[in-house]
Structures are given as structure tokens and as C-alpha cells.
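Next comes work_39.cif, a file with mmCIF, N, CA and C atoms.
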data_work
#
loop_
_atom_site.group_PDB
_atom_site.id
_atom_site.type_symbol
_atom_site.label_atom_id
_atom_site.label_comp_id
_atom_site.auth_asym_id
_atom_site.auth_seq_id
_atom_site.Cartn_x
_atom_site.Cartn_y
_atom_site.Cartn_z
ATOM 1 N N MET N 1 -5.539 -25.686 39.157
ATOM 2 C CA MET N 1 -5.294 -25.698 37.734
ATOM 3 C C MET N 1 -4.270 -26.793 37.406
ATOM 4 N N LYS N 2 -4.648 -27.646 36.513
ATOM 5 C CA LYS N 2 -3.825 -28.781 36.143
ATOM 6 C C LYS N 2 -2.963 -28.412 34.937
ATOM 7 N N HIS N 3 -1.666 -28.784 34.992
ATOM 8 C CA HIS N 3 -0.782 -28.499 33.860
ATOM 9 C C HIS N 3 -0.936 -29.594 32.814
ATOM 10 N N ASP N 4 -0.973 -29.141 31.576
ATOM 11 C CA ASP N 4 -1.110 -30.075 30.469
ATOM 12 C C ASP N 4 0.288 -30.520 30.019
ATOM 13 N N MET N 5 0.711 -31.775 30.342
ATOM 14 C CA MET N 5 2.067 -32.260 30.097
ATOM 15 C C MET N 5 2.166 -33.173 28.880
ATOM 16 N N HIS N 6 1.113 -33.343 28.122
ATOM 17 C CA HIS N 6 1.160 -34.307 27.041
ATOM 18 C C HIS N 6 2.027 -33.851 25.865
ATOM 19 N N TYR N 7 2.364 -32.594 25.782
ATOM 20 C CA TYR N 7 3.168 -32.111 24.656
ATOM 21 C C TYR N 7 4.628 -31.938 25.025
ATOM 22 N N ARG N 8 5.013 -32.156 26.263
ATOM 23 C CA ARG N 8 6.384 -31.970 26.715
ATOM 24 C C ARG N 8 7.102 -33.315 26.816
ATOM 25 N N GLN N 9 8.416 -33.269 26.578
ATOM 26 C CA GLN N 9 9.246 -34.452 26.760
ATOM 27 C C GLN N 9 9.518 -34.645 28.248
ATOM 28 N N PRO N 10 9.582 -35.861 28.722
ATOM 29 C CA PRO N 10 9.998 -36.078 30.109
ATOM 30 C C PRO N 10 11.445 -35.618 30.299
ATOM 31 N N PHE N 11 11.742 -35.163 31.499
ATOM 32 C CA PHE N 11 13.068 -34.613 31.780
ATOM 33 C C PHE N 11 14.175 -35.641 31.584
ATOM 34 N N TRP N 12 13.950 -36.893 31.946
ATOM 35 C CA TRP N 12 15.008 -37.897 31.840
ATOM 36 C C TRP N 12 15.397 -38.150 30.397
ATOM 37 N N LYS N 13 14.445 -38.020 29.454
ATOM 38 C CA LYS N 13 14.786 -38.196 28.042
ATOM 39 C C LYS N 13 15.653 -37.045 27.552
ATOM 40 N N LEU N 14 15.337 -35.841 27.983
ATOM 41 C CA LEU N 14 16.159 -34.695 27.606
ATOM 42 C C LEU N 14 17.561 -34.803 28.198
ATOM 43 N N ALA N 15 17.645 -35.218 29.460
ATOM 44 C CA ALA N 15 18.942 -35.359 30.114
ATOM 45 C C ALA N 15 19.771 -36.452 29.450
ATOM 46 N N LEU N 16 19.142 -37.567 29.134
ATOM 47 C CA LEU N 16 19.847 -38.657 28.466
ATOM 48 C C LEU N 16 20.332 -38.221 27.082
ATOM 49 N N GLY N 17 19.499 -37.485 26.355
ATOM 50 C CA GLY N 17 19.918 -36.974 25.045
ATOM 51 C C GLY N 17 21.090 -36.022 25.162
ATOM 52 N N GLY N 18 21.082 -35.185 26.173
ATOM 53 C CA GLY N 18 22.193 -34.262 26.387
ATOM 54 C C GLY N 18 23.477 -34.984 26.750
ATOM 55 N N ILE N 19 23.360 -36.008 27.589
ATOM 56 C CA ILE N 19 24.540 -36.792 27.956
ATOM 57 C C ILE N 19 25.116 -37.501 26.738
ATOM 58 N N LEU N 20 24.259 -38.102 25.926
ATOM 59 C CA LEU N 20 24.734 -38.792 24.726
ATOM 60 C C LEU N 20 25.349 -37.825 23.722
ATOM 61 N N ALA N 21 24.729 -36.666 23.545
ATOM 62 C CA ALA N 21 25.286 -35.672 22.622
ATOM 63 C C ALA N 21 26.635 -35.163 23.128
ATOM 64 N N GLY N 22 26.747 -34.916 24.417
ATOM 65 C CA GLY N 22 28.023 -34.471 24.985
ATOM 66 C C GLY N 22 29.103 -35.526 24.866
ATOM 67 N N ALA N 23 28.742 -36.788 25.105
ATOM 68 C CA ALA N 23 29.717 -37.874 24.968
ATOM 69 C C ALA N 23 30.177 -38.010 23.514
ATOM 70 N N ALA N 24 29.239 -37.873 22.583
ATOM 71 C CA ALA N 24 29.608 -37.965 21.169
ATOM 72 C C ALA N 24 30.556 -36.837 20.776
ATOM 73 N N LEU N 25 30.265 -35.630 21.238
ATOM 74 C CA LEU N 25 31.154 -34.512 20.927
ATOM 75 C C LEU N 25 32.517 -34.671 21.593
ATOM 76 N N TYR N 26 32.540 -35.262 22.778
ATOM 77 C CA TYR N 26 33.807 -35.453 23.482
ATOM 78 C C TYR N 26 34.660 -36.537 22.814
ATOM 79 N N PHE N 27 34.033 -37.663 22.427
ATOM 80 C CA PHE N 27 34.789 -38.780 21.882
ATOM 81 C C PHE N 27 35.033 -38.680 20.384
ATOM 82 N N PHE N 28 34.400 -37.772 19.691
ATOM 83 C CA PHE N 28 34.563 -37.662 18.237
ATOM 84 C C PHE N 28 36.016 -37.441 17.831
ATOM 85 N N PRO N 29 36.776 -36.555 18.474
ATOM 86 C CA PRO N 29 38.179 -36.392 18.069
ATOM 87 C C PRO N 29 39.022 -37.649 18.290
ATOM 88 N N PHE N 30 38.620 -38.522 19.227
ATOM 89 C CA PHE N 30 39.364 -39.754 19.471
ATOM 90 C C PHE N 30 38.896 -40.881 18.564
ATOM 91 N N LEU N 31 37.664 -40.819 18.125
ATOM 92 C CA LEU N 31 37.085 -41.896 17.344
ATOM 93 C C LEU N 31 37.666 -41.953 15.940
ATOM 94 N N ILE N 32 37.821 -40.824 15.292
ATOM 95 C CA ILE N 32 38.325 -40.794 13.921
ATOM 96 C C ILE N 32 39.749 -41.349 13.836
ATOM 97 N N PRO N 33 40.701 -40.905 14.673
ATOM 98 C CA PRO N 33 42.040 -41.505 14.600
ATOM 99 C C PRO N 33 42.051 -42.992 14.969
ATOM 100 N N ALA N 34 41.193 -43.404 15.889
ATOM 101 C CA ALA N 34 41.146 -44.821 16.261
ATOM 102 C C ALA N 34 40.666 -45.663 15.082
ATOM 103 N N LEU N 35 39.635 -45.222 14.383
ATOM 104 C CA LEU N 35 39.160 -45.945 13.206
ATOM 105 C C LEU N 35 40.214 -45.948 12.099
ATOM 106 N N ALA N 36 40.887 -44.816 11.908
ATOM 107 C CA ALA N 36 41.944 -44.741 10.901
ATOM 108 C C ALA N 36 43.067 -45.720 11.241
ATOM 109 N N PHE N 37 43.417 -45.826 12.523
ATOM 110 C CA PHE N 37 44.464 -46.767 12.944
ATOM 111 C C PHE N 37 44.045 -48.205 12.651
ATOM 112 N N VAL N 38 42.805 -48.550 12.949
ATOM 113 C CA VAL N 38 42.335 -49.914 12.716
ATOM 114 C C VAL N 38 42.354 -50.246 11.228
ATOM 115 N N PHE N 39 41.878 -49.342 10.392
ATOM 116 C CA PHE N 39 41.874 -49.587 8.950
ATOM 117 C C PHE N 39 43.293 -49.653 8.387
ATOM 118 N N LEU N 40 44.175 -48.790 8.851
ATOM 119 C CA LEU N 40 45.557 -48.797 8.385
ATOM 120 C C LEU N 40 46.271 -50.072 8.835
ATOM 121 N N ALA N 41 46.046 -50.498 10.055
ATOM 122 C CA ALA N 41 46.654 -51.738 10.538
ATOM 123 C C ALA N 41 46.155 -52.933 9.725
ATOM 124 N N GLY N 42 44.872 -52.966 9.418
ATOM 125 C CA GLY N 42 44.334 -54.046 8.593
ATOM 126 C C GLY N 42 44.930 -54.051 7.200
ATOM 127 N N LEU N 43 45.111 -52.872 6.623
ATOM 128 C CA LEU N 43 45.719 -52.779 5.297
ATOM 129 C C LEU N 43 47.155 -53.274 5.321
ATOM 130 N N LEU N 44 47.919 -52.866 6.326
ATOM 131 C CA LEU N 44 49.313 -53.306 6.424
ATOM 132 C C LEU N 44 49.411 -54.809 6.643
ATOM 133 N N LEU N 45 48.517 -55.376 7.442
ATOM 134 C CA LEU N 45 48.529 -56.827 7.643
ATOM 135 C C LEU N 45 48.183 -57.568 6.359
ATOM 136 N N ARG N 46 47.249 -57.050 5.609
ATOM 137 C CA ARG N 46 46.907 -57.697 4.335
ATOM 138 C C ARG N 46 48.055 -57.615 3.348
ATOM 139 N N ILE N 47 48.743 -56.487 3.334
ATOM 140 C CA ILE N 47 49.877 -56.344 2.426
ATOM 141 C C ILE N 47 51.001 -57.296 2.827
ATOM 142 N N SER N 48 51.278 -57.394 4.123
ATOM 143 C CA SER N 48 52.407 -58.203 4.561
ATOM 144 C C SER N 48 52.112 -59.702 4.574
ATOM 145 N N PHE N 49 50.891 -60.105 4.882
ATOM 146 C CA PHE N 49 50.577 -61.528 4.973
ATOM 147 C C PHE N 49 49.672 -62.020 3.852
ATOM 148 N N GLY N 50 49.193 -61.144 2.993
ATOM 149 C CA GLY N 50 48.272 -61.552 1.933
ATOM 150 C C GLY N 50 48.935 -62.318 0.813
ATOM 151 N N HIS N 51 50.244 -62.136 0.614
ATOM 152 C CA HIS N 51 50.915 -62.825 -0.477
ATOM 153 C C HIS N 51 50.925 -64.334 -0.281
ATOM 154 N N ARG N 52 50.925 -64.786 0.975
ATOM 155 C CA ARG N 52 50.886 -66.226 1.234
ATOM 156 C C ARG N 52 49.575 -66.823 0.752
ATOM 157 N N HIS N 53 48.492 -66.127 1.027
ATOM 158 C CA HIS N 53 47.179 -66.611 0.602
ATOM 159 C C HIS N 53 47.117 -66.682 -0.917
ATOM 160 N N HIS N 54 47.627 -65.673 -1.599
ATOM 161 C CA HIS N 54 47.595 -65.654 -3.061
ATOM 162 C C HIS N 54 48.410 -66.810 -3.625
ATOM 163 N N ARG N 55 49.596 -67.047 -3.053
ATOM 164 C CA ARG N 55 50.454 -68.126 -3.534
ATOM 165 C C ARG N 55 49.787 -69.476 -3.291
ATOM 166 N N ASN N 56 49.182 -69.660 -2.111
ATOM 167 C CA ASN N 56 48.523 -70.932 -1.825
ATOM 168 C C ASN N 56 47.345 -71.170 -2.751
ATOM 169 N N MET N 57 46.598 -70.131 -3.056
ATOM 170 C CA MET N 57 45.467 -70.278 -3.970
ATOM 171 C C MET N 57 45.946 -70.636 -5.370
ATOM 172 N N ARG N 58 47.076 -70.072 -5.777
ATOM 173 C CA ARG N 58 47.608 -70.373 -7.109
ATOM 174 C C ARG N 58 48.001 -71.844 -7.204
ATOM 175 N N TYR N 59 48.684 -72.375 -6.164
ATOM 176 C CA TYR N 59 49.068 -73.778 -6.174
ATOM 177 C C TYR N 59 47.851 -74.684 -6.106
ATOM 178 N N ALA N 60 46.848 -74.290 -5.342
ATOM 179 C CA ALA N 60 45.627 -75.095 -5.242
ATOM 180 C C ALA N 60 44.918 -75.147 -6.594
ATOM 181 N N TYR N 61 44.893 -74.019 -7.313
ATOM 182 C CA TYR N 61 44.240 -74.023 -8.617
ATOM 183 C C TYR N 61 45.043 -74.844 -9.621
ATOM 184 N N ALA N 62 46.377 -74.789 -9.537
ATOM 185 C CA ALA N 62 47.214 -75.585 -10.444
ATOM 186 C C ALA N 62 46.978 -77.071 -10.197
ATOM 187 N N ALA N 63 46.855 -77.464 -8.940
ATOM 188 C CA ALA N 63 46.583 -78.872 -8.633
ATOM 189 C C ALA N 63 45.199 -79.263 -9.141
ATOM 190 N N ARG N 64 44.244 -78.379 -8.996
ATOM 191 C CA ARG N 64 42.890 -78.667 -9.495
ATOM 192 C C ARG N 64 42.908 -78.814 -11.017
ATOM 193 N N TRP N 65 43.669 -77.956 -11.691
ATOM 194 C CA TRP N 65 43.766 -77.990 -13.151
ATOM 195 C C TRP N 65 44.390 -79.314 -13.604
ATOM 196 N N GLN N 66 45.411 -79.788 -12.896
ATOM 197 C CA GLN N 66 46.069 -81.039 -13.267
ATOM 198 C C GLN N 66 45.143 -82.233 -13.090
ATOM 199 N N ASN N 67 44.198 -82.145 -12.170
ATOM 200 C CA ASN N 67 43.291 -83.269 -11.922
ATOM 201 C C ASN N 67 42.055 -83.251 -12.813
ATOM 202 N N MET N 68 41.916 -82.237 -13.668
ATOM 203 C CA MET N 68 40.749 -82.153 -14.548
ATOM 204 C C MET N 68 40.929 -83.038 -15.773
ATOM 205 N N THR N 69 39.801 -83.482 -16.296
ATOM 206 C CA THR N 69 39.830 -84.190 -17.572
ATOM 207 C C THR N 69 39.891 -83.168 -18.697
ATOM 208 N N ALA N 70 40.135 -83.626 -19.900
ATOM 209 C CA ALA N 70 40.231 -82.719 -21.049
ATOM 210 C C ALA N 70 38.898 -81.988 -21.267
ATOM 211 N N GLU N 71 37.781 -82.684 -21.061
ATOM 212 C CA GLU N 71 36.472 -82.049 -21.244
ATOM 213 C C GLU N 71 36.248 -80.964 -20.187
ATOM 214 N N GLN N 72 36.653 -81.225 -18.957
ATOM 215 C CA GLN N 72 36.496 -80.227 -17.898
ATOM 216 C C GLN N 72 37.362 -78.997 -18.170
ATOM 217 N N ARG N 73 38.574 -79.237 -18.691
ATOM 218 C CA ARG N 73 39.450 -78.108 -19.019
ATOM 219 C C ARG N 73 38.866 -77.261 -20.140
ATOM 220 N N GLU N 74 38.309 -77.918 -21.134
ATOM 221 C CA GLU N 74 37.705 -77.174 -22.246
ATOM 222 C C GLU N 74 36.487 -76.398 -21.765
ATOM 223 N N ALA N 75 35.697 -76.993 -20.877
ATOM 224 C CA ALA N 75 34.539 -76.282 -20.320
ATOM 225 C C ALA N 75 35.000 -75.071 -19.520
ATOM 226 N N MET N 76 36.098 -75.204 -18.787
ATOM 227 C CA MET N 76 36.636 -74.081 -18.020
ATOM 228 C C MET N 76 37.129 -72.977 -18.951
ATOM 229 N N ARG N 77 37.802 -73.365 -20.027
ATOM 230 C CA ARG N 77 38.259 -72.356 -20.994
ATOM 231 C C ARG N 77 37.083 -71.602 -21.603
ATOM 232 N N MET N 78 36.036 -72.326 -21.942
ATOM 233 C CA MET N 78 34.867 -71.675 -22.540
ATOM 234 C C MET N 78 34.191 -70.753 -21.523
ATOM 235 N N LYS N 79 34.179 -71.154 -20.287
ATOM 236 C CA LYS N 79 33.607 -70.311 -19.240
ATOM 237 C C LYS N 79 34.419 -69.026 -19.101
ATOM 238 N N PHE N 80 35.748 -69.144 -19.131
ATOM 239 C CA PHE N 80 36.598 -67.966 -19.041
ATOM 240 C C PHE N 80 36.445 -67.070 -20.259
ATOM 241 N N LYS N 81 36.305 -67.660 -21.440
ATOM 242 C CA LYS N 81 36.097 -66.856 -22.648
ATOM 243 C C LYS N 81 34.787 -66.092 -22.559
ATOM 244 N N GLY N 82 33.762 -66.726 -22.022
ATOM 245 C CA GLY N 82 32.468 -66.074 -21.896
ATOM 246 C C GLY N 82 32.496 -64.895 -20.945
ATOM 247 N N HIS N 83 33.395 -64.944 -19.956
ATOM 248 C CA HIS N 83 33.496 -63.854 -18.991
ATOM 249 C C HIS N 83 34.659 -62.931 -19.290
ATOM 250 N N ARG N 84 35.314 -63.158 -20.415
ATOM 251 C CA ARG N 84 36.477 -62.372 -20.840
ATOM 252 C C ARG N 84 37.592 -62.412 -19.806
ATOM 253 N N CYS N 85 37.803 -63.572 -19.226
ATOM 254 C CA CYS N 85 38.890 -63.757 -18.270
ATOM 255 C C CYS N 85 40.050 -64.445 -18.972
ATOM 256 N N GLY N 86 41.233 -64.064 -18.635
ATOM 257 C CA GLY N 86 42.411 -64.717 -19.186
ATOM 258 C C GLY N 86 42.698 -64.261 -20.597
ATOM 259 N N PRO N 87 43.668 -64.909 -21.245
ATOM 260 C CA PRO N 87 44.029 -64.509 -22.607
ATOM 261 C C PRO N 87 42.907 -64.824 -23.589
ATOM 262 N N VAL N 88 42.770 -63.985 -24.571
ATOM 263 C CA VAL N 88 41.722 -64.161 -25.578
ATOM 264 C C VAL N 88 42.318 -64.900 -26.763
ATOM 265 N N HIS N 89 41.720 -66.031 -27.114
ATOM 266 C CA HIS N 89 42.177 -66.829 -28.240
ATOM 267 C C HIS N 89 41.057 -66.913 -29.257
ATOM 268 N N GLY N 90 41.436 -67.273 -30.457
ATOM 269 C CA GLY N 90 40.447 -67.437 -31.514
ATOM 270 C C GLY N 90 39.617 -68.679 -31.289
ATOM 271 N N PRO N 91 38.556 -68.878 -32.085
ATOM 272 C CA PRO N 91 37.670 -70.023 -31.880
ATOM 273 C C PRO N 91 38.340 -71.351 -32.198
ATOM 274 N N ASN N 92 39.352 -71.381 -33.072
ATOM 275 C CA ASN N 92 40.005 -72.633 -33.446
ATOM 276 C C ASN N 92 41.350 -72.801 -32.758
ATOM 277 N N ASP N 93 41.594 -72.052 -31.733
ATOM 278 C CA ASP N 93 42.874 -72.119 -31.042
ATOM 279 C C ASP N 93 42.925 -73.379 -30.197
ATOM 280 N N THR N 94 43.931 -74.195 -30.430
ATOM 281 C CA THR N 94 44.094 -75.418 -29.649
ATOM 282 C C THR N 94 45.379 -75.280 -28.843
ATOM 283 N N THR N 95 45.251 -74.693 -27.678
ATOM 284 C CA THR N 95 46.411 -74.545 -26.806
ATOM 285 C C THR N 95 46.587 -75.830 -26.009
ATOM 286 N N SER N 96 47.758 -75.997 -25.456
ATOM 287 C CA SER N 96 48.007 -77.211 -24.685
ATOM 288 C C SER N 96 47.170 -77.171 -23.401
ATOM 289 N N SER N 97 46.965 -78.338 -22.840
ATOM 290 C CA SER N 97 46.147 -78.424 -21.639
ATOM 291 C C SER N 97 46.967 -78.208 -20.375
ATOM 292 N N GLN N 98 48.240 -77.874 -20.510
ATOM 293 C CA GLN N 98 49.083 -77.610 -19.354
ATOM 294 C C GLN N 98 48.988 -76.145 -18.980
ATOM 295 N N PRO N 99 48.853 -75.827 -17.679
ATOM 296 C CA PRO N 99 48.843 -74.402 -17.272
ATOM 297 C C PRO N 99 50.231 -73.810 -17.394
ATOM 298 N N ASN N 100 50.251 -72.488 -17.483
ATOM 299 C CA ASN N 100 51.536 -71.802 -17.557
ATOM 300 C C ASN N 100 52.262 -71.947 -16.235
ATOM 301 N N SER N 101 53.554 -72.179 -16.286
ATOM 302 C CA SER N 101 54.330 -72.340 -15.053
ATOM 303 C C SER N 101 54.963 -71.037 -14.665
#
I need this file expressed as C-alpha cells, please.
Amino acid sequence: MKHDMHYRQPFWKLALGGILAGAALYFFPFLIPALAFVFLAGLLLRISFGHRHHRNMRYAYAARWQNMTAEQREAMRMKFKGHRCGPVHGPNDTTSSQPNS
């Protein structure tokens, strides 16, 4: 009498699944604090070193603004007005072309 094995899982697949499930249950308590540590360390590094990037970007934008022509500055202002970025001025507002210091 021949056994019909087409509906059964092979033993090695069951054993491998059990090993993986056991490893996941074993490492789960260590995984959550490790991920929390990595995210917290990244946040602290961004807080402590991110201000340099912000300051450098501000100076780079100020230099870019100084090198623009009057038409480019007006186009930039209109782009910002369209996206509601920056201070809102009336349609006839003629502010100076110098950025705020």
C-alpha cells in the first residue's frame, strides 16, 4: 500500500518554519529596543548637527538671491505667492529686492 504524500508538507519545511518562528519569538524583545535606540540616536544627531545644515542652506539661498536679476526675483516672488509661501502682500506691493537680514 502506497502512502499518498501529495497533500502533506515536507518535514524540512515544517522544521525550518518552526526554527524561524522560534527565532522571531526569541529576538522580538531585543529587536524593539534596538530599533528604538537607532531611531532615537538618529533624532538626537539631527537635532545636534542639523542646525549647521539649516544655516548653510540659508546662506546659500541668500547668495542665490543676490545673484538674481530683478525679473528672476519677481518671478520667484510670484511663485511663492502662488504657493502661499512667505509673507502675503497685496498685488501692488513693491517691496525692496533685498532679502531680510
Separation of CA of Lys81 (chain N) from atom N of Met57 (chain N), in Å and rounded to one decimal: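 According to the coordinates, CA of Lys81 (chain N) and atom N of Met57 (chain N) are separated by 22.5 Å.
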Å distance separating atom C of Gly18 (chain N) from CA of Phe39 (chain N), one decimal place: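 We find that atom C of Gly18 (chain N) and CA of Phe39 (chain N) lie 29.5 Å from each other.
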Separation of CA of Leu40 (chain N) from CA of Gly22 (chain N) in Å: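 According to the coordinates, CA of Gly22 (chain N) and CA of Leu40 (chain N) are separated by 28.1 Å.
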